[in-house]
Amino acid sequence: MKKLCLVLVVAVALSLFVLPAKAEFKPEAGAIKGYMIAEYFYVANHQVEDYEGRHGFWFRRIYFTYENKLGDKVKMRLRFEMNSEGDFSSATLGPVVKDAYLDFKLGGGASLRAGIQSPPSFANLEDIWGYRSLEKTPLDLYKWTSSRDFGLSLKGGKAFFYQFMFGQGSSNKGEADKGKKIYGMVGYKTESGFHLEVNGHFEARKEIYEEFIIHPFIAYSGDWGRVGVEYAYNDLKKKDDNGDTKYKYNLLSFFVVFSASEKVDIIGRYDMNWGDGYKTNFKGSGFDYVPLADYHEFSFIIGAVSFNVYKNVWLIPNIKYATYKENAPLEKPDASLFANLTLWFKF
C-alpha cells in the first residue's frame, strides 16, 4: 500500500511537467526580497547561573529570497536563511536553504508544491500573529514540529481552505530513515476577519517513535488589531528494548495585538504548557534565544510595544518571562526573564 501511494504521488508530480508553457522564463523579472531581525538581549534572571547577566547583540534571523515564474502555471522560490546561534555561543553566521520549491497551479484554485516548503502546521497562525520578528509561534518555539519539510503538498480554497502534505519529517535536512510524516489542515475564514482552522500531523519512525499532534486555532482581526487562541495536544510514543513509553503534552496559547495608533502596536502573549511529558521528556534548555528549564511544566509570557519608525522598519522593546511548576524531587527552577530590544526591517 505504501509503495502504491508513493508511485501515485510521483506519477502526479511528473505529469505536471508536460503542461504547456505559455510564458518565457525571464530571470530579470523575478523578485528579490527578505528581512533581518537584529536584537540586543539581556538575561535579567535565569535558573542557569552562567546565563544570568549575559547581554549582547545577535541576529535572530536573516532572509534572502528569490521568486519567479517559470510559466503561466509554474512558479518557484529559493530562500536562504542565516541566524546567530541562540545558545550564547560565538559561532559565525552561515546560510542554509530555507525554501526551494516549484509550485504548480491546478484547476479550481488549487496548487501542488514540490520541494522544501512550509507545511501547514502553523503558517496561517504565524501570518495572523504577525510578529515572528518578536518570537516564534508556540509549536515552533517549543520544537513540537518544524517550520519546514521536504515533500509534496496540495493546497487550495478561499473561504473554506485546506492543505495536505506528504513529507520526510526531516525539516530542510536530508532523509535519514524510513519514516515519513503526513500533515493535514482544514479551515474557514471570512472577509470580516474571522479565522478558524484545525491542523494536525502524524509521524512514524520505525522502532523509534510515533507522534500524533492536533491543534485547532481561532482568531479575529479588525482595525483595532487581532486576537488568537490555539490549543495543541501531542501524543508521543517512544520505542526501545523495554517497550513503548507514552508521553502527553498540552499547550494553550493566547495572544492579542492592539493597534494603539497607525504606527504603534501593543502586544501580549501567554503560553501555558502542561502534561506528564514535560516532567519526564522535556528539554527546554535547547530552545533558541530563550533557553528554559528541563523537565518542568511552565508558562511563558511575552509583553512588547512595536514602533513602526520608518516605512519598513520596526523597533520593538520587549520582555519574555517564564515560570515553572513543582516537579518533585527536582528543585523548582527560578523564573527566567529576558529583556530585549528588537530591530526588524524588510527589503
# chains A, B, ... in the order shown; residues from 1 in each chain; ligands from 1
>>> closest_atom_pairs(of="region 195-275 of chain A", to="region 308-332 of chain A", cutoff="10 Å", atoms="only C-alpha atoms", output="tab-separated table")
residue	atom	partner	partner_atom	distance
A:Glu262	CA	A:Asn308	CA	8.5
A:Lys263	CA	A:Asn308	CA	4.9
A:Val264	CA	A:Asn308	CA	6.4
A:Asp265	CA	A:Asn308	CA	8.6
A:Ile266	CA	A:Ile316	CA	9.8
A:Ile267	CA	A:Asn318	CA	9.0
A:Gly268	CA	A:Asn318	CA	9.8
A:Arg269	CA	A:Lys320	CA	9.5
A:Tyr270	CA	A:Tyr321	CA	9.7
A:Asp271	CA	A:Ala322	CA	9.4
A:Met272	CA	A:Thr323	CA	9.8
A:Asn273	CA	A:Tyr324	CA	9.7
A:Trp274	CA	A:Lys325	CA	9.2
>>> write_last_selection(atoms="C-alpha atoms", output="JSON list (two decimals), in the first residue's frame")
[["chain", "number", "residue", "atom", "x", "y", "z"],
["A", 262, "GLU", "CA", -1.17, 53.76, 12.94],
["A", 263, "LYS", "CA", 2.48, 53.13, 13.88],
["A", 264, "VAL", "CA", 2.28, 51.61, 17.38],
["A", 265, "ASP", "CA", 1.15, 48.11, 18.41],
["A", 266, "ILE", "CA", 0.84, 46.81, 21.96],
["A", 267, "ILE", "CA", 1.50, 43.06, 22.09],
["A", 268, "GLY", "CA", 0.80, 40.40, 24.68],
["A", 269, "ARG", "CA", 1.01, 36.60, 24.63],
["A", 270, "TYR", "CA", 0.55, 33.88, 27.23],
["A", 271, "ASP", "CA", 1.50, 30.22, 26.66],
["A", 272, "MET", "CA", 0.62, 27.53, 29.22],
["A", 273, "ASN", "CA", 2.25, 24.10, 28.90],
["A", 274, "TRP", "CA", 1.28, 21.04, 30.94]]
>>> select_by_dssp(residues="region 51-264 of chain A", states="strand (DSSP E or B)", output="PyMOL selection string")
chain A and resi 55-69+74-82+96-105+111-117+149-157+160-167+180-189+194-205+209-222+225-240+243-261+264
>>> residues_around(residues="region 94-105 of chain A", least_positions_apart="5", cutoff="8 Å", atoms="only C-alpha atoms", output="ChimeraX atom specification")
/A:16,73-83,110-118,148,172
>>> write_last_selection(atoms="N, CA and C atoms", output="compact mmCIF listing (two decimals), in the first residue's frame")
# COMPACT_ATOMS: atom_id res chain seq x y z
N LEU A 16 2.80 16.85 -14.26
CA LEU A 16 2.71 18.30 -14.32
C LEU A 16 3.75 18.91 -15.25
N LYS A 73 1.73 28.56 -15.39
CA LYS A 73 1.20 27.70 -14.33
C LYS A 73 2.26 27.23 -13.34
N VAL A 74 3.47 27.72 -13.47
CA VAL A 74 4.55 27.25 -12.61
C VAL A 74 5.34 28.44 -12.07
N LYS A 75 5.60 28.44 -10.76
CA LYS A 75 6.46 29.45 -10.15
C LYS A 75 7.43 28.76 -9.20
N MET A 76 8.47 29.49 -8.82
CA MET A 76 9.50 28.91 -7.97
C MET A 76 9.90 29.88 -6.87
N ARG A 77 10.51 29.32 -5.83
CA ARG A 77 11.11 30.13 -4.77
C ARG A 77 12.39 29.47 -4.29
N LEU A 78 13.41 30.30 -4.07
CA LEU A 78 14.64 29.89 -3.41
C LEU A 78 14.90 30.89 -2.29
N ARG A 79 14.99 30.40 -1.07
CA ARG A 79 15.20 31.27 0.08
C ARG A 79 16.35 30.74 0.93
N PHE A 80 17.25 31.65 1.31
CA PHE A 80 18.33 31.32 2.24
C PHE A 80 18.06 31.99 3.59
N GLU A 81 18.49 31.33 4.64
CA GLU A 81 18.34 31.87 5.99
C GLU A 81 19.67 31.82 6.71
N MET A 82 19.94 32.85 7.51
CA MET A 82 21.11 32.88 8.39
C MET A 82 20.67 33.32 9.78
N ASN A 83 21.31 32.75 10.80
CA ASN A 83 21.00 33.09 12.19
C ASN A 83 22.25 33.07 13.03
N ALA A 110 -6.58 25.37 -6.83
CA ALA A 110 -5.66 24.52 -6.09
C ALA A 110 -4.26 24.62 -6.67
N SER A 111 -3.27 24.22 -5.87
CA SER A 111 -1.89 24.19 -6.34
C SER A 111 -1.17 23.01 -5.71
N LEU A 112 -0.18 22.50 -6.43
CA LEU A 112 0.66 21.41 -5.95
C LEU A 112 2.08 21.94 -5.83
N ARG A 113 2.68 21.76 -4.68
CA ARG A 113 4.01 22.30 -4.40
C ARG A 113 4.96 21.16 -4.10
N ALA A 114 6.16 21.19 -4.70
CA ALA A 114 7.15 20.14 -4.52
C ALA A 114 8.48 20.74 -4.12
N GLY A 115 9.08 20.22 -3.02
CA GLY A 115 10.38 20.68 -2.56
C GLY A 115 10.38 21.03 -1.09
N ILE A 116 11.38 21.79 -0.66
CA ILE A 116 11.46 22.26 0.73
C ILE A 116 10.51 23.44 0.89
N GLN A 117 9.57 23.34 1.82
CA GLN A 117 8.47 24.30 1.91
C GLN A 117 7.91 24.34 3.33
N SER A 118 6.96 25.27 3.54
CA SER A 118 6.27 25.35 4.82
C SER A 118 5.13 24.33 4.85
N ARG A 148 9.64 23.79 8.39
CA ARG A 148 9.90 23.37 7.02
C ARG A 148 9.93 21.85 6.93
N ASN A 172 14.50 20.86 6.76
CA ASN A 172 15.16 21.15 5.49
C ASN A 172 16.45 20.34 5.34
>>> select_by_dssp(residues="region 206-322 of chain A", states="helix (DSSP H, G or I)", output="list in words")
Asp276, Gly277, Tyr278, Lys279, Thr280, Gly284, Ser285 and Gly286 of chain A
>>> closest_atom_pairs(of="region 229-316 of chain A", to="region 41-64 of chain A", cutoff="10 Å", atoms="only C-alpha atoms", output="CSV")
residue,atom,partner,partner_atom,distance
A:Ser285,CA,A:Val48,CA,9.5
A:Asp288,CA,A:Arg60,CA,9.0
A:Tyr289,CA,A:Arg60,CA,7.9
A:Val290,CA,A:Val43,CA,9.0
A:Pro291,CA,A:His46,CA,8.9
A:Leu292,CA,A:Gln47,CA,8.0
A:Ala293,CA,A:Gln47,CA,7.1
>>> write_last_selection(atoms="N, CA and C atoms", output="tab-separated table (two decimals), in the first residue's frame")
chain	number	residue	atom	x	y	z
A	285	SER	N	16.06	23.55	27.73
A	285	SER	CA	17.38	24.19	27.65
A	285	SER	C	17.87	24.31	26.22
A	288	ASP	N	16.09	28.04	21.24
A	288	ASP	CA	16.93	29.11	20.72
A	288	ASP	C	16.55	30.45	21.34
A	289	TYR	N	17.55	31.20	21.81
A	289	TYR	CA	17.43	32.58	22.30
A	289	TYR	C	16.71	32.71	23.64
A	290	VAL	N	15.88	31.72	23.99
A	290	VAL	CA	15.19	31.75	25.29
A	290	VAL	C	15.30	30.37	25.94
A	291	PRO	N	16.52	29.96	26.34
A	291	PRO	CA	16.66	28.65	26.99
A	291	PRO	C	15.88	28.60	28.29
A	292	LEU	N	15.08	27.53	28.45
A	292	LEU	CA	14.24	27.37	29.64
A	292	LEU	C	14.70	26.15	30.42
A	293	ALA	N	14.00	25.82	31.48
A	293	ALA	CA	14.39	24.71	32.35
A	293	ALA	C	13.92	23.38	31.77
>>> closest_atom_pairs(of="region 199-218 of chain A", to="region 245-260 of chain A", cutoff="10 Å", atoms="only C-alpha atoms", output="Markdown table")
| residue | atom | partner | partner_atom | distance |
| --- | --- | --- | --- | --- |
| A:Tyr209 | CA | A:Thr245 | CA | 9.2 |
| A:Glu210 | CA | A:Lys246 | CA | 9.5 |
| A:Glu211 | CA | A:Tyr247 | CA | 9.6 |
| A:Ile213 | CA | A:Tyr249 | CA | 9.4 |
| A:His215 | CA | A:Leu251 | CA | 9.0 |
| A:Phe217 | CA | A:Ser253 | CA | 9.4 |
| A:Ile218 | CA | A:Phe254 | CA | 9.9 |
>>> atom_distance(atom1="CA of Ala38 (chain A)", atom2="CA of Trp344 (chain A)")
6.5 Å
>>> atom_distance(atom1="CA of Val305 (chain A)", atom2="CA of Pro216 (chain A)")
27.4 Å
>>> closest_residue(among="A:Glu191, A:Asp235, A:Glu207, A:Glu197", to="Trp144 (chain A)", atoms="only C-alpha atoms")
A:Asp235
>>> residues_around(residues="Tyr183 (chain A)", least_positions_apart="2", cutoff="9 Å", atoms="only C-alpha atoms", output="PyMOL selection string")
chain A and resi 119-121+153+163-167+181+185+199-203
>>> atom_distance(atom1="CA of Lys33 (chain A)", atom2="CA of Tyr66 (chain A)")
6.7 Å
>>> closest_residue(among="A:Tyr233, A:Tyr295, A:Trp129, A:Tyr188", to="Ser221 (chain A)", atoms="only C-alpha atoms")
A:Trp129
